[in-house]
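Colleague: The structure is given below, and queries will be raised subsequently.
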Amino acid sequence: MSQPDWDDIPSNPSNTTPFNEVVAQLKGRRQFIKTGLGASALSFLGLGAGLLPTQIRAQTSTAPSSQTLGFGFEPLGPSTADAITLPKGYAHQVINRWGDPLFDYSPAFKGDATDGGAEQALQVGFNHDGMHFFPIDAQLGGGQSSTEGLLVTNHEYITPHFFFPEGVVPGNANWNGDWVLKSQHAQGASVVHMRLVDGRWQAVLDSPFNRSINATTPMRVVGPAAGHALMQTSADPSGQWAVGTFGNCGNGWTPWNTYLTCEENFTDYFGVGTQNPAQADYPDAATQAHMERYKGANKEASEDYRWDTHDSRFNWTQEPNEANRFGWIVEIDPFDPHSAPKKLAALGRFKHENAAWTLAPDQRVVVYMGDDQRSEYIYKFVSKNAFNPETPALNRLLLDEGVLYVAKFHGSTAQEEDLAGQGEWVALTLDTPTLDGKKLGDLFQDMGELLIKTRQAADAVGATPMDRPEWVAVHPQTKEVYTTLTNNSHRGSDKERWPNGLKHPTADGPNPRNENKYGQIVRWREQGADPTALRFEWDVFVLAGNPNVYEEGDSRRGSATITAQNTFNSPDGLAFDQQGRLWIQTDGNYSDRDEYLGQGNNSMLIANPASKEIHRFLVGPKGCEVTGITWTPDQRYVFINIQHPGEGQSIEDAQKQPNAVSTWPDGAQSTRPRPATVVIWREDGGQVGA
């Protein structure tokens, strides 16, 4: 029997009411508008959406109202083509494929994937995810160039049957230290200097900015966890210098032009080496409880990596603290290739999906984040100090210090009748009360330990468990915050329990639902449109579903705006453009099983936040996830990533014929599919999506 997908197994033992039950209760009472916040609630819920307080509206008067947003393209329907499909009038170019050169001295990519660790360090990494375009003049302030810039791209993980030559499988007889090193060099982030030349984007290979930031790159730890005993290892007794970043999923960026890469499924990489897992002992009960809160009861590394067999720091029986040095957000200065990236301990340690920033009225920086695992939480960080464009050096310290909060969504009990449709942010500080009448300071010795054990702190204060919170995006005008909850097909199931004994939560209403295969997008508005506020109001923006299969009135059909034309499942990537269009990317099931019939390959859609109108803009090739999005300042070019094209085969079949499902992007001559970036533009030169 194959190993379960440990990334999606819940490890949260909390008994707090899950978000689905909150929604079910609210829908049953029809309490979405009874929030006590008057006209702002009507605006938020689409009965006047787009309305802003006078002072905010004045600041954003040059932006179009979300009610008047247009979609100047003919929407696409589902597709199963092994290609990038775009509306009429659009064109695209594939750039920065896995294995493409980073430098003018990089070796050429070998189609049989026999490049080793040294070669991979000089090439573009694997499985592209979040990214951001930094205009080349951003280093001097302003940053308005739309023809040249630094494209920083995450590389999340490797797919071994595409990444290694035939016959090489992690852990088998052909497995060796160089294959481990190749895998380590292929993850993290790449910085590539790009320039538009005669209508085509080209990598500037002699640029001093180009670099690979990967699992072997030295990094500083900053914030309360720096130097903590739980961060100290035999290689770094100071606990202040970690080696590498990996599992890099979504991203963020800052107004001082740094890049935020998010470490997600870091637990996959830690195992017991060549030991029998059943005979591997935890150092003590406290370490066991801590590790199982993040990893579940599984002691092994993922079968796709097995770094622990040739790199002892990933063997937790030898280095029990090494895992604590991952699960952070990492800040990178793309314009200083000699700078050490920073692991930002103040933003908490969990399976970070992305990081969406906004500025509060007092100019403090607020960062919203999701913990991408079933029954985990939504967080926000508020900086201690304020952003000041006149003090760039001080701005670079803003994410080193502040307060981390976790979200509670109210309205699930009779006692919370008057709070229906509202929520609150709970500060994760030592003096915060816990559910049992203690304080977090009674559970954690200091803030360093609390932040290393962020999930346990959130458990203790009664945060609301959510269904795999993924990307978060902030509306550029209204400051409403949207997040994707990608799916939970096990919700309500009691036929299988995971090794930690956790039962999947159940739903008793239509939104969300048991066996939630399709996911949803939730949004909230902070009180007073102030991102630092401690209270918010919320609703469900859209419930994904499949009208090709389920009849009208069936909750599995999705929201009223979901049709056979725009049907999708598992919303994942999420971002707003400058005009307030919401771009939605999917990482769902693309099979023709009955429940997914007619939904086609993963795609990218655009939504109007006010009307909830949704149009499909792009469909990816077979077996891929569509992810990552960034624009040039003039919005005439949008960059997106195609991750893991061709997935869907067994490892055995893929080893024999890697290109059986997909030959994208190289076509018929391809020996295996390759993750890559796609840049898209309108043929008439207009703004993309408008």
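FYI, nothing fancy with the structure tokens labels: chains A, B, ... in order, residues from 1 per chain, ligands from 1 as they appear.
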Env of A:Gly327: 12 Å cut, atoms = only C-alpha atoms, seq-sep filter 2 positions within chain, self excluded. Answer as an mmCIF file with C-alpha atoms, in the first residue's frame.
Modeller:
data_model
loop_
_atom_site.group_PDB
_atom_site.id
_atom_site.type_symbol
_atom_site.label_atom_id
_atom_site.label_comp_id
_atom_site.auth_asym_id
_atom_site.auth_seq_id
_atom_site.Cartn_x
_atom_site.Cartn_y
_atom_site.Cartn_z
ATOM 1 C CA ALA A 242 20.331 28.112 9.200
ATOM 2 C CA GLY A 244 18.988 26.556 3.133
ATOM 3 C CA THR A 245 15.343 26.896 2.241
ATOM 4 C CA PHE A 246 13.080 24.353 0.528
ATOM 5 C CA GLY A 247 9.430 23.482 0.121
ATOM 6 C CA ASN A 248 9.023 27.038 -1.190
ATOM 7 C CA CYS A 249 5.387 27.468 -2.096
ATOM 8 C CA THR A 261 9.530 33.080 0.013
ATOM 9 C CA CYS A 262 7.389 30.753 2.101
ATOM 10 C CA GLU A 263 8.533 27.392 3.447
ATOM 11 C CA GLU A 264 5.585 25.022 3.334
ATOM 12 C CA ASN A 265 5.901 21.221 3.542
ATOM 13 C CA PHE A 266 9.275 21.187 5.274
ATOM 14 C CA THR A 267 8.399 18.126 7.364
ATOM 15 C CA ASP A 268 8.581 15.912 4.261
ATOM 16 C CA TYR A 269 12.369 16.107 4.309
ATOM 17 C CA TYR A 294 3.633 19.396 12.682
ATOM 18 C CA LYS A 295 4.248 16.031 11.076
ATOM 19 C CA GLU A 322 17.160 20.913 12.627
ATOM 20 C CA ALA A 323 13.475 20.815 11.628
ATOM 21 C CA ASN A 324 12.809 23.829 13.859
ATOM 22 C CA ARG A 325 14.959 25.899 11.520
ATOM 23 C CA ILE A 329 9.096 33.028 5.802
ATOM 24 C CA VAL A 330 12.442 33.991 4.269
ATOM 25 C CA LYS A 343 14.390 33.725 8.255
ATOM 26 C CA LEU A 344 11.698 35.882 9.862
ATOM 27 C CA ALA A 345 10.873 34.250 13.180
ATOM 28 C CA LEU A 347 5.987 35.800 11.491
ATOM 29 C CA GLY A 348 5.637 32.350 13.043
ATOM 30 C CA ARG A 349 6.585 28.810 12.136
ATOM 31 C CA PHE A 350 4.075 26.671 10.263
ATOM 32 C CA LYS A 351 3.439 25.445 6.719
ATOM 33 C CA HIS A 352 3.401 28.845 5.053
ATOM 34 C CA GLU A 353 1.527 29.140 1.770
ATOM 35 C CA ASN A 354 2.069 32.807 0.873
ATOM 36 C CA ASP A 371 -1.125 27.427 7.175
ATOM 37 C CA ASP A 372 -1.695 24.933 4.356
ATOM 38 C CA LEU A 451 6.904 31.120 17.765
ATOM 39 C CA ILE A 452 8.757 27.869 17.109
ATOM 40 C CA LYS A 453 5.572 26.165 18.341
ATOM 41 C CA THR A 454 3.135 28.553 16.659
ATOM 42 C CA ARG A 455 0.531 25.858 16.005
#
Colleague: Counting only C-alpha atoms, what is within 9 Å of A:Ile651, bar same-chain residues fewer than 4 positions away, as a PDB file with C-alpha atoms, in the first residue's frame?
Modeller:
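Generated output (result.pdb):
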ATOM      1  CA  PRO A 160      11.412  12.301  -8.867  1.00  0.00           C
ATOM      2  CA  HIS A 161      10.250  10.355 -11.927  1.00  0.00           C
ATOM      3  CA  VAL A 169      14.404   6.484  -7.320  1.00  0.00           C
ATOM      4  CA  GLN A 655      10.188   6.185 -15.116  1.00  0.00           C
ATOM      5  CA  LYS A 656       9.726   4.212 -18.333  1.00  0.00           C
TER       6      LYS A 656
END
Colleague: Skipping near chain neighbours, those fewer than 5 positions away, what residues fall within 10 Å of A:Ala138 using only C-alpha atoms, listed as an mmCIF file with N, CA, C and O atoms, in the first residue's frame?
Modeller:
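To be explicit, this is the file written out as out_3.cif:
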data_model
loop_
_atom_site.group_PDB
_atom_site.id
_atom_site.type_symbol
_atom_site.label_atom_id
_atom_site.label_comp_id
_atom_site.auth_asym_id
_atom_site.auth_seq_id
_atom_site.Cartn_x
_atom_site.Cartn_y
_atom_site.Cartn_z
ATOM 1 N N GLY A 143 10.639 52.366 -9.482
ATOM 2 C CA GLY A 143 10.461 51.054 -10.070
ATOM 3 C C GLY A 143 9.357 50.986 -11.100
ATOM 4 O O GLY A 143 8.370 50.282 -10.919
ATOM 5 N N GLN A 144 9.505 51.704 -12.216
ATOM 6 C CA GLN A 144 8.452 51.750 -13.229
ATOM 7 C C GLN A 144 8.809 51.030 -14.527
ATOM 8 O O GLN A 144 7.998 51.002 -15.449
ATOM 9 N N SER A 145 9.977 50.446 -14.614
ATOM 10 C CA SER A 145 10.354 49.779 -15.861
ATOM 11 C C SER A 145 9.482 48.547 -16.093
ATOM 12 O O SER A 145 9.348 47.696 -15.214
ATOM 13 N N GLY A 149 13.739 43.763 -15.618
ATOM 14 C CA GLY A 149 13.612 43.594 -14.180
ATOM 15 C C GLY A 149 14.154 42.258 -13.724
ATOM 16 O O GLY A 149 14.656 41.453 -14.515
ATOM 17 N N LEU A 150 14.047 42.041 -12.421
ATOM 18 C CA LEU A 150 14.478 40.784 -11.820
ATOM 19 C C LEU A 150 13.234 39.942 -11.540
ATOM 20 O O LEU A 150 12.328 40.386 -10.825
ATOM 21 N N PRO A 255 7.191 46.620 0.208
ATOM 22 C CA PRO A 255 7.334 47.932 -0.441
ATOM 23 C C PRO A 255 8.759 48.462 -0.420
ATOM 24 O O PRO A 255 9.036 49.490 -1.038
ATOM 25 N N TRP A 256 9.663 47.772 0.287
ATOM 26 C CA TRP A 256 11.080 48.158 0.222
ATOM 27 C C TRP A 256 11.850 47.217 -0.706
ATOM 28 O O TRP A 256 13.064 47.101 -0.634
ATOM 29 N N ASN A 257 11.124 46.531 -1.586
ATOM 30 C CA ASN A 257 11.697 45.762 -2.689
ATOM 31 C C ASN A 257 12.530 44.569 -2.246
ATOM 32 O O ASN A 257 13.632 44.324 -2.757
ATOM 33 N N PHE A 335 18.344 42.522 -5.142
ATOM 34 C CA PHE A 335 19.300 43.454 -5.730
ATOM 35 C C PHE A 335 20.679 43.391 -5.071
ATOM 36 O O PHE A 335 21.586 44.118 -5.472
#
Colleague: According to DSSP computed on the backbone, where in stretch 436-479 of chain A is there strand (DSSP E or B)? Give the residues as a PDB file with N, CA, C and O atoms, in the first residue's frame.
Modeller:
ATOM      1  N   LYS A 439      -2.399  31.379  30.834  1.00  0.00           N
ATOM      2  CA  LYS A 439      -1.844  32.292  29.854  1.00  0.00           C
ATOM      3  C   LYS A 439      -0.833  31.532  29.001  1.00  0.00           C
ATOM      4  O   LYS A 439      -0.292  30.504  29.431  1.00  0.00           O
ATOM      5  N   MET A 466      -9.382  25.559   9.794  1.00  0.00           N
ATOM      6  CA  MET A 466      -9.838  25.861   8.434  1.00  0.00           C
ATOM      7  C   MET A 466      -9.431  24.735   7.494  1.00  0.00           C
ATOM      8  O   MET A 466      -8.576  23.914   7.816  1.00  0.00           O
ATOM      9  N   ASP A 467     -10.029  24.735   6.309  1.00  0.00           N
ATOM     10  CA  ASP A 467      -9.729  23.702   5.320  1.00  0.00           C
ATOM     11  C   ASP A 467      -8.589  24.134   4.408  1.00  0.00           C
ATOM     12  O   ASP A 467      -8.808  24.746   3.367  1.00  0.00           O
ATOM     13  N   PRO A 469      -5.910  26.493   4.399  1.00  0.00           N
ATOM     14  CA  PRO A 469      -5.771  27.886   3.948  1.00  0.00           C
ATOM     15  C   PRO A 469      -4.552  28.029   3.038  1.00  0.00           C
ATOM     16  O   PRO A 469      -3.440  27.702   3.437  1.00  0.00           O
ATOM     17  N   GLU A 470      -4.802  28.509   1.846  1.00  0.00           N
ATOM     18  CA  GLU A 470      -3.701  28.643   0.892  1.00  0.00           C
ATOM     19  C   GLU A 470      -3.367  30.117   0.680  1.00  0.00           C
ATOM     20  O   GLU A 470      -3.013  30.815   1.609  1.00  0.00           O
ATOM     21  N   TRP A 471      -3.495  30.630  -0.534  1.00  0.00           N
ATOM     22  CA  TRP A 471      -3.061  32.002  -0.797  1.00  0.00           C
ATOM     23  C   TRP A 471      -4.030  33.012  -0.192  1.00  0.00           C
ATOM     24  O   TRP A 471      -5.235  32.782  -0.093  1.00  0.00           O
ATOM     25  N   VAL A 472      -3.476  34.158   0.190  1.00  0.00           N
ATOM     26  CA  VAL A 472      -4.246  35.298   0.687  1.00  0.00           C
ATOM     27  C   VAL A 472      -3.943  36.487  -0.214  1.00  0.00           C
ATOM     28  O   VAL A 472      -2.809  36.664  -0.667  1.00  0.00           O
ATOM     29  N   ALA A 473      -4.974  37.314  -0.493  1.00  0.00           N
ATOM     30  CA  ALA A 473      -4.791  38.507  -1.325  1.00  0.00           C
ATOM     31  C   ALA A 473      -5.599  39.653  -0.735  1.00  0.00           C
ATOM     32  O   ALA A 473      -6.702  39.446  -0.223  1.00  0.00           O
ATOM     33  N   VAL A 474      -5.054  40.861  -0.806  1.00  0.00           N
ATOM     34  CA  VAL A 474      -5.692  42.058  -0.257  1.00  0.00           C
ATOM     35  C   VAL A 474      -6.127  42.957  -1.410  1.00  0.00           C
ATOM     36  O   VAL A 474      -5.322  43.298  -2.286  1.00  0.00           O
TER      37      VAL A 474
END
Colleague: Need to verify the contact set: stretch 634-645 of chain A, 7 Å, only C-alpha atoms, exclusion of same-chain residues closer than 6 positions in sequence. Can you return it as a list in words?
Modeller: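 Using only C-alpha atoms, the neighbours found are Asn127, His128, Asp129, Ser146, Pro621, Lys622, Gly623, Cys624, Glu625, Val626, Thr627, Gly628, Ser662, Trp664, Pro673, Arg674, Pro675, Ala676, Thr677, Val678, Val679, Ile680, Trp681, Gly685, Gly686, Gln687 and Val688 of chain A.
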Colleague: May I have the residues within 10 Å of stretch 356-364 of chain A as a PyMOL selection string, using only C-alpha atoms and disregarding those fewer than 2 positions away in the same chain?
Modeller: chain A and resi 56+250-255+260+354+366-370+380-388+398+402+471-476+479+481+529-533+574-575
Colleague: Keeping N, CA and C atoms for every residue in the selection just given, could you write it to a file as a short mmCIF file (atom, residue, chain, number, x, y, z; two decimals), in the first residue's frame?
Modeller:
data_model
loop_
_atom_site.label_atom_id
_atom_site.label_comp_id
_atom_site.auth_asym_id
_atom_site.auth_seq_id
_atom_site.Cartn_x
_atom_site.Cartn_y
_atom_site.Cartn_z
N ILE A 56 -10.94 57.09 2.40
CA ILE A 56 -10.25 56.05 1.62
C ILE A 56 -10.58 56.19 0.15
N GLY A 250 4.07 29.53 -2.01
CA GLY A 250 3.72 30.86 -2.45
C GLY A 250 4.75 31.88 -1.99
N ASN A 251 4.43 33.15 -2.20
CA ASN A 251 5.41 34.19 -1.95
C ASN A 251 4.73 35.47 -1.51
N GLY A 252 5.53 36.44 -1.24
CA GLY A 252 5.09 37.81 -1.03
C GLY A 252 6.23 38.72 -1.45
N TRP A 253 6.04 40.01 -1.27
CA TRP A 253 7.10 40.98 -1.53
C TRP A 253 6.83 42.17 -0.63
N THR A 254 7.74 43.09 -0.55
CA THR A 254 7.59 44.20 0.37
C THR A 254 7.71 45.53 -0.38
N PRO A 255 7.19 46.62 0.21
CA PRO A 255 7.33 47.93 -0.44
C PRO A 255 8.76 48.46 -0.42
N LEU A 260 9.65 37.72 -0.40
CA LEU A 260 9.33 36.81 0.68
C LEU A 260 9.00 35.44 0.10
N ASN A 354 1.56 31.57 1.47
CA ASN A 354 2.07 32.81 0.87
C ASN A 354 2.02 33.91 1.92
N VAL A 366 1.27 45.09 7.69
CA VAL A 366 0.47 43.93 8.08
C VAL A 366 0.67 42.85 7.02
N VAL A 367 0.94 41.61 7.47
CA VAL A 367 1.15 40.49 6.56
C VAL A 367 0.16 39.39 6.92
N TYR A 368 -0.66 38.98 5.95
CA TYR A 368 -1.62 37.89 6.13
C TYR A 368 -1.03 36.59 5.61
N MET A 369 -1.31 35.47 6.32
CA MET A 369 -0.70 34.19 5.99
C MET A 369 -1.66 33.05 6.30
N GLY A 370 -1.56 31.98 5.52
CA GLY A 370 -2.32 30.76 5.77
C GLY A 370 -1.38 29.59 6.04
N LYS A 380 -2.19 36.75 10.96
CA LYS A 380 -1.67 38.01 10.44
C LYS A 380 -0.60 38.52 11.40
N PHE A 381 0.36 39.22 10.82
CA PHE A 381 1.46 39.83 11.57
C PHE A 381 1.34 41.34 11.43
N VAL A 382 1.52 42.05 12.54
CA VAL A 382 1.51 43.51 12.54
C VAL A 382 2.86 43.99 13.05
N SER A 383 3.56 44.76 12.24
CA SER A 383 4.90 45.22 12.62
C SER A 383 4.83 46.18 13.79
N LYS A 384 5.88 46.21 14.58
CA LYS A 384 5.95 47.15 15.70
C LYS A 384 6.12 48.58 15.21
N ASN A 385 6.95 48.75 14.20
CA ASN A 385 7.27 50.09 13.71
C ASN A 385 6.63 50.35 12.35
N ALA A 386 6.62 51.60 11.93
CA ALA A 386 5.92 52.01 10.72
C ALA A 386 6.87 52.11 9.53
N PHE A 387 6.31 51.87 8.36
CA PHE A 387 7.03 52.03 7.10
C PHE A 387 7.23 53.51 6.81
N ASN A 388 8.44 53.85 6.38
CA ASN A 388 8.76 55.23 6.02
C ASN A 388 9.64 55.20 4.78
N LEU A 398 11.58 45.96 9.53
CA LEU A 398 10.18 46.00 9.96
C LEU A 398 9.60 44.62 10.24
N GLY A 402 7.32 42.47 15.88
CA GLY A 402 5.90 42.80 15.82
C GLY A 402 5.09 41.77 16.56
N TRP A 471 -3.49 30.63 -0.53
CA TRP A 471 -3.06 32.00 -0.80
C TRP A 471 -4.03 33.01 -0.19
N VAL A 472 -3.48 34.16 0.19
CA VAL A 472 -4.25 35.30 0.69
C VAL A 472 -3.94 36.49 -0.21
N ALA A 473 -4.97 37.31 -0.49
CA ALA A 473 -4.79 38.51 -1.33
C ALA A 473 -5.60 39.65 -0.73
N VAL A 474 -5.05 40.86 -0.81
CA VAL A 474 -5.69 42.06 -0.26
C VAL A 474 -6.13 42.96 -1.41
N HIS A 475 -7.41 43.35 -1.40
CA HIS A 475 -7.94 44.22 -2.45
C HIS A 475 -7.21 45.56 -2.39
N PRO A 476 -6.73 46.07 -3.52
CA PRO A 476 -5.91 47.29 -3.50
C PRO A 476 -6.68 48.54 -3.10
N LYS A 479 -9.34 47.12 0.70
CA LYS A 479 -8.58 46.43 1.73
C LYS A 479 -9.28 45.16 2.22
N VAL A 481 -9.91 41.27 2.42
CA VAL A 481 -8.91 40.21 2.34
C VAL A 481 -9.61 38.93 1.90
N ALA A 529 -11.85 49.33 8.16
CA ALA A 529 -10.90 49.20 7.04
C ALA A 529 -9.47 49.37 7.50
N ASP A 530 -9.21 49.02 8.77
CA ASP A 530 -7.87 49.13 9.35
C ASP A 530 -7.29 47.73 9.52
N PRO A 531 -6.25 47.38 8.77
CA PRO A 531 -5.69 46.02 8.86
C PRO A 531 -5.17 45.64 10.24
N THR A 532 -4.94 46.62 11.12
CA THR A 532 -4.47 46.28 12.47
C THR A 532 -5.62 46.03 13.44
N ALA A 533 -6.86 46.18 12.98
CA ALA A 533 -8.02 46.01 13.85
C ALA A 533 -8.07 44.59 14.41
N LEU A 574 -3.86 33.11 -5.68
CA LEU A 574 -4.83 34.20 -5.60
C LEU A 574 -4.08 35.53 -5.60
N ALA A 575 -4.55 36.49 -6.40
CA ALA A 575 -3.90 37.80 -6.44
C ALA A 575 -4.84 38.83 -7.06
#
Colleague: Using only C-alpha atoms, which protein or nucleic acid residues come within 6 Å of A:Ala346? Drop anything in the same chain fewer than 4 positions from it, and give the result as a list in words.
Modeller: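 My list of contacting residues is Gly223, Asp400 and Glu401 of chain A.
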Colleague: Given only C-alpha atoms as the basis, pick out the residue of A:Val403, A:Ile332, A:Ala81, A:Ala173 nearest to A:Met447.
Modeller: A:Val403
Colleague: Between A:Gly239, A:Pro107, A:Pro433, A:Pro334, single out the one closest to A:His193, counting only C-alpha atoms.
Modeller: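 Result for the nearest residue to A:His193: A:Pro334.
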Colleague: Using only C-alpha atoms, which residue out of A:Ile158, A:Val180, A:Ala301, A:Leu428 lies closest to A:Tyr405?
Modeller: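 Between A:Ile158, A:Val180, A:Ala301, A:Leu428, the residue approaching A:Tyr405 most closely is A:Leu428.
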